[in-house]
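**Student:** Below is the file input.txt, with compact mmCIF, C-alpha atoms.
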```txt
# COMPACT_ATOMS: atom_id res chain seq x y z
CA MET A 1 64.19 -7.17 -150.63
CA LYS A 2 67.47 -8.32 -149.27
CA ALA A 3 68.57 -7.87 -145.66
CA ARG A 4 72.25 -7.94 -144.80
CA ILE A 5 72.66 -8.69 -141.13
CA LYS A 6 75.80 -8.49 -139.02
CA VAL A 7 75.81 -10.26 -135.69
CA THR A 8 78.75 -9.37 -133.47
CA LEU A 9 79.79 -10.21 -129.93
CA LYS A 10 79.10 -7.49 -127.40
CA THR A 11 82.11 -5.60 -126.10
CA GLY A 12 83.61 -7.46 -123.18
CA VAL A 13 82.51 -10.91 -124.31
CA LEU A 14 85.53 -13.14 -124.88
CA ASP A 15 86.08 -14.09 -128.51
CA PRO A 16 88.32 -17.18 -128.79
CA GLN A 17 87.75 -17.42 -132.55
CA GLY A 18 88.91 -13.85 -133.01
CA LYS A 19 91.94 -14.54 -130.84
CA ALA A 20 92.81 -17.60 -132.93
CA ILE A 21 92.62 -15.51 -136.10
CA LYS A 22 94.81 -12.84 -134.53
CA ASN A 23 97.43 -15.43 -133.60
CA ALA A 24 97.28 -17.02 -137.04
CA LEU A 25 97.75 -13.62 -138.72
CA GLY A 26 100.78 -13.02 -136.49
CA ALA A 27 102.20 -16.43 -137.43
CA LEU A 28 101.76 -15.55 -141.10
CA GLY A 29 103.88 -12.44 -140.64
CA PHE A 30 101.17 -9.78 -140.45
CA GLU A 31 102.38 -7.22 -137.97
CA GLY A 32 100.41 -4.50 -136.25
CA VAL A 33 97.20 -6.49 -135.81
CA GLU A 34 95.85 -5.13 -132.55
CA ASP A 35 92.57 -6.97 -132.25
CA VAL A 36 90.32 -9.31 -134.20
CA ARG A 37 86.64 -10.00 -133.52
CA GLN A 38 84.67 -12.58 -135.42
CA GLY A 39 80.95 -12.39 -135.98
CA LYS A 40 78.35 -13.69 -138.37
CA PHE A 41 77.07 -12.23 -141.60
CA ILE A 42 73.65 -13.34 -142.77
CA GLU A 43 71.84 -12.44 -145.98
CA VAL A 44 68.09 -12.95 -146.01
CA GLU A 45 66.08 -12.69 -149.20
CA LEU A 46 62.56 -11.55 -148.41
CA ASP A 47 59.37 -11.67 -150.40
CA GLN A 48 58.34 -8.23 -149.15
CA SER A 49 58.11 -4.98 -151.09
CA ASP A 50 57.57 -2.55 -148.22
CA PRO A 51 60.91 -1.47 -146.70
CA GLU A 52 59.36 -0.52 -143.35
CA ALA A 53 57.63 -3.89 -143.01
CA ALA A 54 60.85 -5.64 -144.01
CA LYS A 55 62.74 -3.71 -141.35
CA THR A 56 60.29 -4.70 -138.63
CA GLU A 57 60.35 -8.33 -139.74
CA VAL A 58 64.15 -8.56 -139.87
CA ASP A 59 64.43 -6.93 -136.48
CA ARG A 60 62.17 -9.62 -135.05
CA MET A 61 64.16 -12.35 -136.81
CA CYS A 62 67.34 -11.06 -135.19
CA ARG A 63 65.83 -10.97 -131.72
CA ASP A 64 64.04 -14.32 -132.02
CA LEU A 65 66.66 -16.41 -133.76
CA LEU A 66 69.70 -14.88 -135.38
CA ALA A 67 71.33 -13.11 -132.45
CA ASN A 68 71.75 -14.25 -128.87
CA MET A 69 70.84 -10.98 -127.21
CA VAL A 70 72.68 -11.90 -124.01
CA ILE A 71 76.10 -11.83 -125.65
CA GLU A 72 75.55 -10.51 -129.18
CA ASP A 73 74.57 -7.30 -130.93
CA TYR A 74 73.12 -7.06 -134.41
CA ASP A 75 72.90 -4.49 -137.12
CA PHE A 76 71.33 -4.73 -140.55
CA GLU A 77 70.54 -2.88 -143.72
CA ILE A 78 67.71 -3.48 -146.13
CA GLU A 79 68.30 -3.29 -149.84
CA ALA A 80 65.65 -3.23 -152.54
CA ALA A 81 66.08 -6.32 -154.71
CA MET B 1 92.32 1.74 -138.65
CA LYS B 2 89.58 -0.78 -138.53
CA ALA B 3 88.76 -3.22 -141.33
CA ARG B 4 85.28 -4.74 -141.54
CA ILE B 5 85.45 -7.89 -143.64
CA LYS B 6 82.58 -9.95 -144.99
CA VAL B 7 83.32 -13.46 -146.17
CA THR B 8 80.49 -15.09 -148.10
CA LEU B 9 80.04 -18.34 -149.98
CA LYS B 10 80.29 -18.04 -153.74
CA THR B 11 77.04 -18.36 -155.68
CA GLY B 12 76.34 -22.00 -156.36
CA VAL B 13 78.13 -23.32 -153.29
CA LEU B 14 75.70 -25.20 -151.05
CA ASP B 15 75.03 -23.49 -147.73
CA PRO B 16 73.57 -25.96 -145.20
CA GLN B 17 73.82 -23.39 -142.37
CA GLY B 18 71.79 -20.92 -144.37
CA LYS B 19 69.25 -23.61 -145.17
CA ALA B 20 68.95 -24.48 -141.47
CA ILE B 21 68.32 -20.82 -140.63
CA LYS B 22 65.71 -20.60 -143.39
CA ASN B 23 63.89 -23.65 -142.01
CA ALA B 24 64.08 -22.33 -138.45
CA LEU B 25 62.64 -18.97 -139.53
CA GLY B 26 59.80 -20.81 -141.26
CA ALA B 27 59.16 -22.85 -138.10
CA LEU B 28 59.01 -19.61 -136.10
CA GLY B 29 56.27 -18.31 -138.37
CA PHE B 30 58.24 -15.95 -140.58
CA GLU B 31 56.71 -16.20 -144.01
CA GLY B 32 58.12 -15.06 -147.31
CA VAL B 33 61.74 -15.94 -146.58
CA GLU B 34 63.04 -16.92 -149.98
CA ASP B 35 66.68 -17.60 -149.27
CA VAL B 36 69.22 -17.32 -146.47
CA ARG B 37 73.00 -17.38 -146.86
CA GLN B 38 75.35 -17.36 -143.91
CA GLY B 39 78.84 -15.95 -144.01
CA LYS B 40 81.44 -14.58 -141.64
CA PHE B 41 81.99 -11.05 -140.44
CA ILE B 42 85.45 -10.20 -139.16
CA GLU B 43 86.66 -6.94 -137.65
CA VAL B 44 90.41 -6.36 -137.65
CA GLU B 45 91.97 -3.50 -135.72
CA LEU B 46 95.19 -2.43 -137.43
CA ASP B 47 98.11 -0.35 -136.23
CA GLN B 48 98.38 1.38 -139.60
CA SER B 49 97.64 5.00 -140.44
CA ASP B 50 97.85 4.84 -144.25
CA PRO B 51 94.50 3.73 -145.75
CA GLU B 52 96.09 2.44 -148.95
CA ALA B 53 98.62 0.31 -147.06
CA ALA B 54 95.83 -0.97 -144.81
CA LYS B 55 93.80 -1.93 -147.87
CA THR B 56 96.67 -3.89 -149.39
CA GLU B 57 97.37 -5.63 -146.09
CA VAL B 58 93.74 -6.61 -145.45
CA ASP B 59 93.42 -7.89 -149.02
CA ARG B 60 96.41 -10.17 -148.41
CA MET B 61 94.96 -11.31 -145.06
CA CYS B 62 91.74 -12.30 -146.81
CA ARG B 63 93.52 -14.26 -149.52
CA ASP B 64 96.02 -15.92 -147.19
CA LEU B 65 93.83 -16.79 -144.23
CA LEU B 66 90.35 -15.38 -143.83
CA ALA B 67 88.65 -16.56 -147.00
CA ASN B 68 88.89 -19.90 -148.75
CA MET B 69 89.12 -18.57 -152.29
CA VAL B 70 87.89 -21.85 -153.78
CA ILE B 71 84.42 -21.49 -152.32
CA GLU B 72 84.29 -18.03 -150.73
CA ASP B 73 84.28 -14.39 -151.76
CA TYR B 74 85.27 -11.50 -149.58
CA ASP B 75 84.60 -7.81 -149.39
CA PHE B 76 85.82 -5.25 -146.90
CA GLU B 77 85.83 -1.61 -145.96
CA ILE B 78 88.49 0.32 -144.10
CA GLU B 79 87.51 2.88 -141.50
CA ALA B 80 89.80 5.40 -139.86
CA ALA B 81 89.93 4.65 -136.14
```
Represent the structure of the file as structure tokens.

**Tutor:**
Amino acid sequence: MKARIKVTLKTGVLDPQGKAIKNALGALGFEGVEDVRQGKFIEVELDQSDPEAAKTEVDRMCRDLLANMVIEDYDFEIEAA
Amino acid sequence: MKARIKVTLKTGVLDPQGKAIKNALGALGFEGVEDVRQGKFIEVELDQSDPEAAKTEVDRMCRDLLANMVIEDYDFEIEAA
């Protein structure tokens, strides 16, 4: 199974990387960009055939390592390989 | 409109960050992790009401700034605000 995980900053947490991208897009002539937020995208290939077990495992991975729960949120989907 | 963009390394490009995550997961006791790839996730808020125009614009943003086309692929979806 493959898990596709998105880790994003919680609302209200400053995002200097996103701000830099927004400024760079403006400098390149893109108008109408109101906000940019940058997060992480992580793909995990699991040796696990049970979707429910995979879900539980990935959720624990996110909490234990992949996301900093103080400032980040995560979301993921599981896809059969 | 909001664009959700995923930027991932092309197949075959070495991913030391992903490898580090894989090792860390192993050290934390997660078994059966076969591969990990890390990419970027970028949300862009656009002042644009036409989905087709938004699509064209975000595609150009990806090519011009957000993805390094030599080593990265991108994929995005547009969502009405």

**Student:** Please, what distance in Å, to one decimal, runs between CA of Arg60 (chain A) and CA of Ile5 (chain B)?

**Tutor:**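 One can read the CA of Arg60 (chain A) to CA of Ile5 (chain B) distance as 24.9 Å.
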
**Student:** Return the single residue from B:Gly18, B:Gly26, B:Gly12, B:Gly32 that is closest to chain A, with distances computed using only C-alpha atoms.

**Tutor:**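 Between B:Gly18, B:Gly26, B:Gly12, B:Gly32, the residue approaching chain A most closely is B:Gly32.
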
**Student:** Write out as a PDB file with C-alpha atoms, keeping the file's coordinate frame the residues lying within 10 Å of region 47-50 of chain A, counting only C-alpha atoms and excluding same-chain residues fewer than 6 positions away.

**Tutor:**
```
ATOM      1  CA  MET A   1      64.190  -7.170-150.630  1.00  0.00           C
ATOM      2  CA  LYS A   2      67.470  -8.320-149.270  1.00  0.00           C
ATOM      3  CA  GLU A  57      60.350  -8.330-139.740  1.00  0.00           C
ATOM      4  CA  ALA A  80      65.650  -3.230-152.540  1.00  0.00           C
ATOM      5  CA  ALA A  81      66.080  -6.320-154.710  1.00  0.00           C
TER       6      ALA A  81
ATOM      7  CA  GLU B  31      56.710 -16.200-144.010  1.00  0.00           C
ATOM      8  CA  GLY B  32      58.120 -15.060-147.310  1.00  0.00           C
ATOM      9  CA  VAL B  33      61.740 -15.940-146.580  1.00  0.00           C
ATOM     10  CA  GLU B  34      63.040 -16.920-149.980  1.00  0.00           C
ATOM     11  CA  ASP B  35      66.680 -17.600-149.270  1.00  0.00           C
TER      12      ASP B  35
END
```

**Student:** Please, which residues of chain B lie no more than 9 Å from chain A when the count uses only C-alpha atoms, and can they be set out as a PyMOL selection string?

**Tutor:** chain B and resi 6-8+18+21-22+24-25+28+30-48+57+61+64-66

**Student:** Tell me, in Å to one decimal, how far CA of Phe76 (chain B) is from CA of Asp59 (chain B).

**Tutor:**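 Taking CA of Phe76 (chain B) as the start and CA of Asp59 (chain B) as the end point, the length is 8.3 Å.
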
**Student:** So how far away is CA of Ala20 (chain B) from CA of Ala67 (chain A), in Å?

**Tutor:**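 Interatomic distance, CA of Ala67 (chain A) to CA of Ala20 (chain B): 14.7 Å.
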